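First the structure, in the form of structure tokens, and then the observations on it.
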Amino acid sequence: MCGIVGYIGKADAPTVLLNGLRRLEYRGYDSAGIAVLDNGQMVISKSPGKVSALSERTRADWPAERFSRLTMGIAHTRWATHGPPTEINAHPHLDQSREIALVHNGIIENYRALRARLEGKGHHFYSETDTEVLVHLIGECDKGNLFQAVCDALHQVEGTFGIAVLSAREPEKIITARRGSPIVIGVGDGETIIASDAAAILAHTQRVIYLDDNDIAILTADSIEIRDLNNVPVTREIAELGYDETAAEKGGYGHFMLKEIYEQPDSLANAIRGRLDFNVGSSVLAGMGTSPRDLAELSRVVLIGCGTSLHASLVGEYAFEDLADLHAEVQQAAEFRYRNPILGSRDLVIAISQSGETADTLAAVREANQKGAFVMSLCNVVGSTIARETGRGVYLHAGPEISVASTKAFTCQVAVLLMMALKLGRGRRFSREEGIRFAREIEHLPALVAQVLLQNDRIAAIAETYAHNEHAFFIGRGPMYPVALEGALKLKEISYIHAEGYHAAELKHGPIALLVQGTPIIALACDVPGKDKMLGNIEECRARGARILGIVTEGDDATAACMDDFIEVPRCHPLVATIPAVVALQLFAYHVARIRGCEIDQPRNLAKSVTVE
Ligand code: G6P
């Protein structure tokens, strides 16, 4: 979702800003813009569509000398909320005096009332955005001190923001602030760069500061001063990013998605490394911050997430019940906050989020904390808001995930959930031997996934048969049910085929009415408990003309013979098998989308990090 970049330091700031925006493209957006100060004059360039269009327009409209003499500016990629993705609605927006520019991520919920008030004072608005209202408000509050003006304005707004502000009246600084939407400050050598996430900072420095909610900072090329909105100085630590630019590049693959699918043996190895203890038959997850006694006293696990992370939670639900004998339930994060959940100190709430910034998941974490539950997180992005607010949890170590459609984060989430369930299981009912056996299963995951990747060409060939359908149904049972949901999500996200995931038994309660000759059914028919029933469900579909693509266990020839097409996954524990099975579906979705000529890494309308509710 919206991306912010701000830079103050050395020459050619516009190029730094445009490169930064390119790094944030993966977040999802539909227009872009940049504002700089040239000889004290505010200069703006905006464009609907891609950053490349903005870059072309800026280079065509601005003289080359301007690029080389500028040392500061702010820039933005906008994911439309208030008003369509037009040039006028694109950020940066200007105040009434046209001397203050603002880029904003988040939503100003009381913008209508503020706008009416400002219009009453003679302000004129050009766009439909809430952001333009905020910058007018800052202008209205500016009595000669930009920092104070931003504080005063932010005291009056309801909603969420990550912002960067530039003023022609105080041309030596950038003001940035956050509430709900992330801001990371890169601490460079004679330069300071801010961004919505570290991807735009990597090229400049490894040293970063994460702002907390209600922090506001004054940035110059060589100073960073952070205060709260009441002007009280606060101290924030400098953290090391720990990965470089190559981690965020395609490395020879046509798409980030394919690269990330192929990275899974490594990302899984990283997620597992040092976390399995074969002596005691358990896992070592120090970040959970739990004693065996804490674990023994738990009465329930509640898993919360959105999108792909919600599907990982659903696999986790099976794992906690199966391995840890613990009542487990999954709640969609957006719903969790508003349904007044019943929680207590013996409930373990696990917030699952790749980005660690999803607004609904963050709100759910706050609600769970409020209710006194034992809250932890499972995030990929180190230092992200959810990771910091929960204070305990487990990082995935999957590396940066750039493709909007999540792949390696999902498999690492499931792997970590299996390790958590093993730890809880060992504390509650698993014997040492059972623990060791399951730990060995987890240990083999990278090799199991590598085996699926070897079938890439075969999966690409199968995709040719299915790529021209407009509907598809994915069915599964037990832990393969969430895999069916995730397979359908992957396909619809990147190929725009209408794909639905169902519990196989649920098909005949409605969706079966949609089956006609040739409708694709992708059936998770691995050799796990419930397979016989699954085979019955497949026959029901076949009898109505469906074409069946089965995901089957290697060597299960009888099941493979029931399919029109099949992809094999290695034999392993049913919970562990969810991971190789989903990798097969990721490759299938990828190839279908490739054949259909879709924009795989940045599908229309989607955002990588959903920072609004
Ligand atoms: C967006 C992304 C999905 C992701 C979901 C939850 O919809 O496009 O890939 O699964 O948000 O994101 P999170 O970062 O919380 O896992």
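Chain identifiers are assigned as A, B, and so on, following the order in which chains appear in the structure tokens; residues are numbered from 1 within each chain, and ligands are numbered from 1 in order of appearance.
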Closest-contact table, chain A side, partner ligand 1, 8 Å, counting only C-alpha atoms and all ligand atoms, as a Markdown table:
```
| residue | atom | partner | partner_atom_place_in_ligand_line | distance |
| --- | --- | --- | --- | --- |
| A:Gly305 | CA | ligand 1 | 15 (O) | 6.2 |
| A:Cys306 | CA | ligand 1 | 6 (C) | 4.6 |
| A:Gly307 | CA | ligand 1 | 10 (O) | 4.0 |
| A:Thr308 | CA | ligand 1 | 10 (O) | 3.7 |
| A:Ser309 | CA | ligand 1 | 16 (O) | 4.8 |
| A:Leu310 | CA | ligand 1 | 10 (O) | 7.3 |
| A:Ile352 | CA | ligand 1 | 16 (O) | 6.4 |
| A:Ser353 | CA | ligand 1 | 15 (O) | 3.4 |
| A:Gln354 | CA | ligand 1 | 16 (O) | 3.7 |
| A:Ser355 | CA | ligand 1 | 14 (O) | 3.5 |
| A:Gly356 | CA | ligand 1 | 14 (O) | 5.5 |
| A:Glu357 | CA | ligand 1 | 14 (O) | 6.2 |
| A:Thr358 | CA | ligand 1 | 15 (O) | 4.5 |
| A:Thr361 | CA | ligand 1 | 15 (O) | 6.5 |
| A:Cys379 | CA | ligand 1 | 16 (O) | 7.7 |
| A:Val404 | CA | ligand 1 | 8 (O) | 5.0 |
| A:Ala405 | CA | ligand 1 | 9 (O) | 4.7 |
| A:Ser406 | CA | ligand 1 | 9 (O) | 4.5 |
| A:Ala409 | CA | ligand 1 | 16 (O) | 7.8 |
| A:Leu606 | CA | ligand 1 | 8 (O) | 5.9 |
| A:Ala607 | CA | ligand 1 | 8 (O) | 5.0 |
| A:Lys608 | CA | ligand 1 | 8 (O) | 4.1 |
| A:Ser609 | CA | ligand 1 | 11 (O) | 5.4 |
| A:Val610 | CA | ligand 1 | 11 (O) | 5.4 |
```
Give me the residues near A:Ile183 as an MDAnalysis selection string, where near means some atom within 10 Å (using only C-alpha atoms) and where sequence neighbours in that chain fewer than 2 positions away do not count. chainID A and resid 3:5 105 161:164 176:181 185:186 194:198 209:213 215 384:385
Can you check which residues of stretch 333-363 of chain A DSSP gives as strand (DSSP E) on the backbone and send them as a PyMOL selection string? chain A and resi 347-353
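Neighbouring residues of A:Asn110 at 8 Å or closer, counting only C-alpha atoms and skipping chain neighbours under 5 positions away, are A:Val157, A:Glu158, A:Gly159.
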Take the residues that were just selected and, keeping C-alpha atoms, output them as a PDB file, in the first residue's frame.
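This is the output file out-v9.pdb:
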```pdb
ATOM      1  CA  VAL A 157      -6.762  14.480  13.153  1.00  0.00           C
ATOM      2  CA  GLU A 158      -8.394  11.122  13.789  1.00  0.00           C
ATOM      3  CA  GLY A 159      -7.132   8.105  11.899  1.00  0.00           C
TER       4      GLY A 159
END
```
From a DSSP pass on the backbone, collect the residues of stretch 114-339 of chain A flagged as helix (DSSP H, G or I) and hand them back as a PyMOL selection string. chain A and resi 114-120+130-141+146-156+198-200+245-248+256-262+264-272+286-288+292-297+307-324+333-338
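Note that atom CA of A:Glu172 and atom CA of A:Arg59 are 24.2 Å apart.
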Please report as JSON lines every residue of stretch 73-131 of chain A lying within 12 Å of stretch 18-41 of chain A, along with the nearest atom pair and their distance in Å (one decimal), using only C-alpha atoms.
```
{"residue": "A:Gly73", "atom": "CA", "partner": "A:Val36", "partner_atom": "CA", "distance": 4.3}
{"residue": "A:Ile74", "atom": "CA", "partner": "A:Ala35", "partner_atom": "CA", "distance": 5.4}
{"residue": "A:Ala75", "atom": "CA", "partner": "A:Ile34", "partner_atom": "CA", "distance": 4.1}
{"residue": "A:His76", "atom": "CA", "partner": "A:Gly33", "partner_atom": "CA", "distance": 5.4}
{"residue": "A:Thr77", "atom": "CA", "partner": "A:Ala32", "partner_atom": "CA", "distance": 4.3}
{"residue": "A:Arg78", "atom": "CA", "partner": "A:Tyr29", "partner_atom": "CA", "distance": 5.1}
{"residue": "A:Trp79", "atom": "CA", "partner": "A:Tyr29", "partner_atom": "CA", "distance": 4.2}
{"residue": "A:Ala80", "atom": "CA", "partner": "A:Asp30", "partner_atom": "CA", "distance": 6.8}
{"residue": "A:Thr81", "atom": "CA", "partner": "A:Tyr29", "partner_atom": "CA", "distance": 10.6}
{"residue": "A:Gly83", "atom": "CA", "partner": "A:Asp30", "partner_atom": "CA", "distance": 11.7}
{"residue": "A:Pro84", "atom": "CA", "partner": "A:Asp30", "partner_atom": "CA", "distance": 9.1}
{"residue": "A:Pro85", "atom": "CA", "partner": "A:Ser31", "partner_atom": "CA", "distance": 5.8}
{"residue": "A:Thr86", "atom": "CA", "partner": "A:Ser31", "partner_atom": "CA", "distance": 7.0}
{"residue": "A:Glu87", "atom": "CA", "partner": "A:Ser31", "partner_atom": "CA", "distance": 7.3}
{"residue": "A:Ile88", "atom": "CA", "partner": "A:Ser31", "partner_atom": "CA", "distance": 10.0}
{"residue": "A:Asn89", "atom": "CA", "partner": "A:Ser31", "partner_atom": "CA", "distance": 8.6}
{"residue": "A:Ala90", "atom": "CA", "partner": "A:Ser31", "partner_atom": "CA", "distance": 5.9}
{"residue": "A:His91", "atom": "CA", "partner": "A:Gly33", "partner_atom": "CA", "distance": 5.5}
{"residue": "A:Pro92", "atom": "CA", "partner": "A:Gly33", "partner_atom": "CA", "distance": 6.0}
{"residue": "A:His93", "atom": "CA", "partner": "A:Ala35", "partner_atom": "CA", "distance": 8.9}
{"residue": "A:Leu94", "atom": "CA", "partner": "A:Ala35", "partner_atom": "CA", "distance": 9.6}
{"residue": "A:Ser97", "atom": "CA", "partner": "A:Gln41", "partner_atom": "CA", "distance": 11.9}
{"residue": "A:Arg98", "atom": "CA", "partner": "A:Gln41", "partner_atom": "CA", "distance": 9.6}
{"residue": "A:Glu99", "atom": "CA", "partner": "A:Gln41", "partner_atom": "CA", "distance": 7.7}
{"residue": "A:Ile100", "atom": "CA", "partner": "A:Ala35", "partner_atom": "CA", "distance": 9.8}
{"residue": "A:Ala101", "atom": "CA", "partner": "A:Ala35", "partner_atom": "CA", "distance": 7.0}
{"residue": "A:Leu102", "atom": "CA", "partner": "A:Ala35", "partner_atom": "CA", "distance": 8.6}
{"residue": "A:Val103", "atom": "CA", "partner": "A:Ile34", "partner_atom": "CA", "distance": 8.8}
{"residue": "A:His104", "atom": "CA", "partner": "A:Gly33", "partner_atom": "CA", "distance": 11.5}
{"residue": "A:Asn105", "atom": "CA", "partner": "A:Tyr29", "partner_atom": "CA", "distance": 11.3}
```
Selected residues, C-alpha atoms, written as an mmCIF file, in the first residue's frame, please.
```cif
data_model
loop_
_atom_site.group_PDB
_atom_site.id
_atom_site.type_symbol
_atom_site.label_atom_id
_atom_site.label_comp_id
_atom_site.auth_asym_id
_atom_site.auth_seq_id
_atom_site.Cartn_x
_atom_site.Cartn_y
_atom_site.Cartn_z
ATOM 1 C CA GLY A 73 12.703 16.020 -1.491
ATOM 2 C CA ILE A 74 9.776 13.746 -0.735
ATOM 3 C CA ALA A 75 8.033 11.187 -2.935
ATOM 4 C CA HIS A 76 5.078 8.809 -2.837
ATOM 5 C CA THR A 77 3.339 5.865 -4.423
ATOM 6 C CA ARG A 78 -0.426 6.060 -3.844
ATOM 7 C CA TRP A 79 -2.873 3.192 -3.449
ATOM 8 C CA ALA A 80 -6.164 4.950 -4.037
ATOM 9 C CA THR A 81 -8.624 5.207 -1.152
ATOM 10 C CA GLY A 83 -10.726 9.401 -5.056
ATOM 11 C CA PRO A 84 -9.548 7.497 -8.138
ATOM 12 C CA PRO A 85 -5.868 7.182 -9.121
ATOM 13 C CA THR A 86 -5.626 10.416 -11.119
ATOM 14 C CA GLU A 87 -2.817 12.917 -11.372
ATOM 15 C CA ILE A 88 -4.733 15.417 -9.228
ATOM 16 C CA ASN A 89 -5.309 12.894 -6.442
ATOM 17 C CA ALA A 90 -1.685 11.661 -6.511
ATOM 18 C CA HIS A 91 0.608 12.882 -3.716
ATOM 19 C CA PRO A 92 2.442 15.134 -2.846
ATOM 20 C CA HIS A 93 -0.333 17.591 -1.996
ATOM 21 C CA LEU A 94 0.182 21.285 -1.264
ATOM 22 C CA SER A 97 0.060 28.811 0.242
ATOM 23 C CA ARG A 98 1.510 26.168 -2.175
ATOM 24 C CA GLU A 99 4.702 26.269 -0.063
ATOM 25 C CA ILE A 100 4.199 23.167 2.066
ATOM 26 C CA ALA A 101 4.100 19.689 0.497
ATOM 27 C CA LEU A 102 2.926 16.474 2.138
ATOM 28 C CA VAL A 103 3.031 12.757 1.347
ATOM 29 C CA HIS A 104 0.834 10.535 3.466
ATOM 30 C CA ASN A 105 0.133 6.872 4.051
#
```
Closest to A:Val552 among A:Ser52, A:Gln332, A:Thr129, A:Thr578, using only C-alpha atoms? A:Thr578
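What separates atom CA of A:Tyr262 from atom CA of A:Arg458 is a distance of 15.4 Å.
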Near A:Asp601, within 7 Å and counting only C-alpha atoms, which residues show up once chain neighbours fewer than 5 positions away are dropped, as a PyMOL selection string? chain A and resi 255-257+403-404
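Taking atom CA of A:Thr290 and atom CA of A:Arg428 as endpoints, the distance between them is 13.6 Å.
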Please provide the set of residues having any atom within 7 Å of A:Gly501, restricted to only C-alpha atoms, with same-chain residues fewer than 2 positions apart removed, written as a VMD selection string. chain A and resid 473 to 475 484 to 485 488 499
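Counting only C-alpha atoms and comparing A:Ile567, A:Leu258, A:Ala421, A:Val349, the residue that lies closest to A:Arg594 is A:Leu258.
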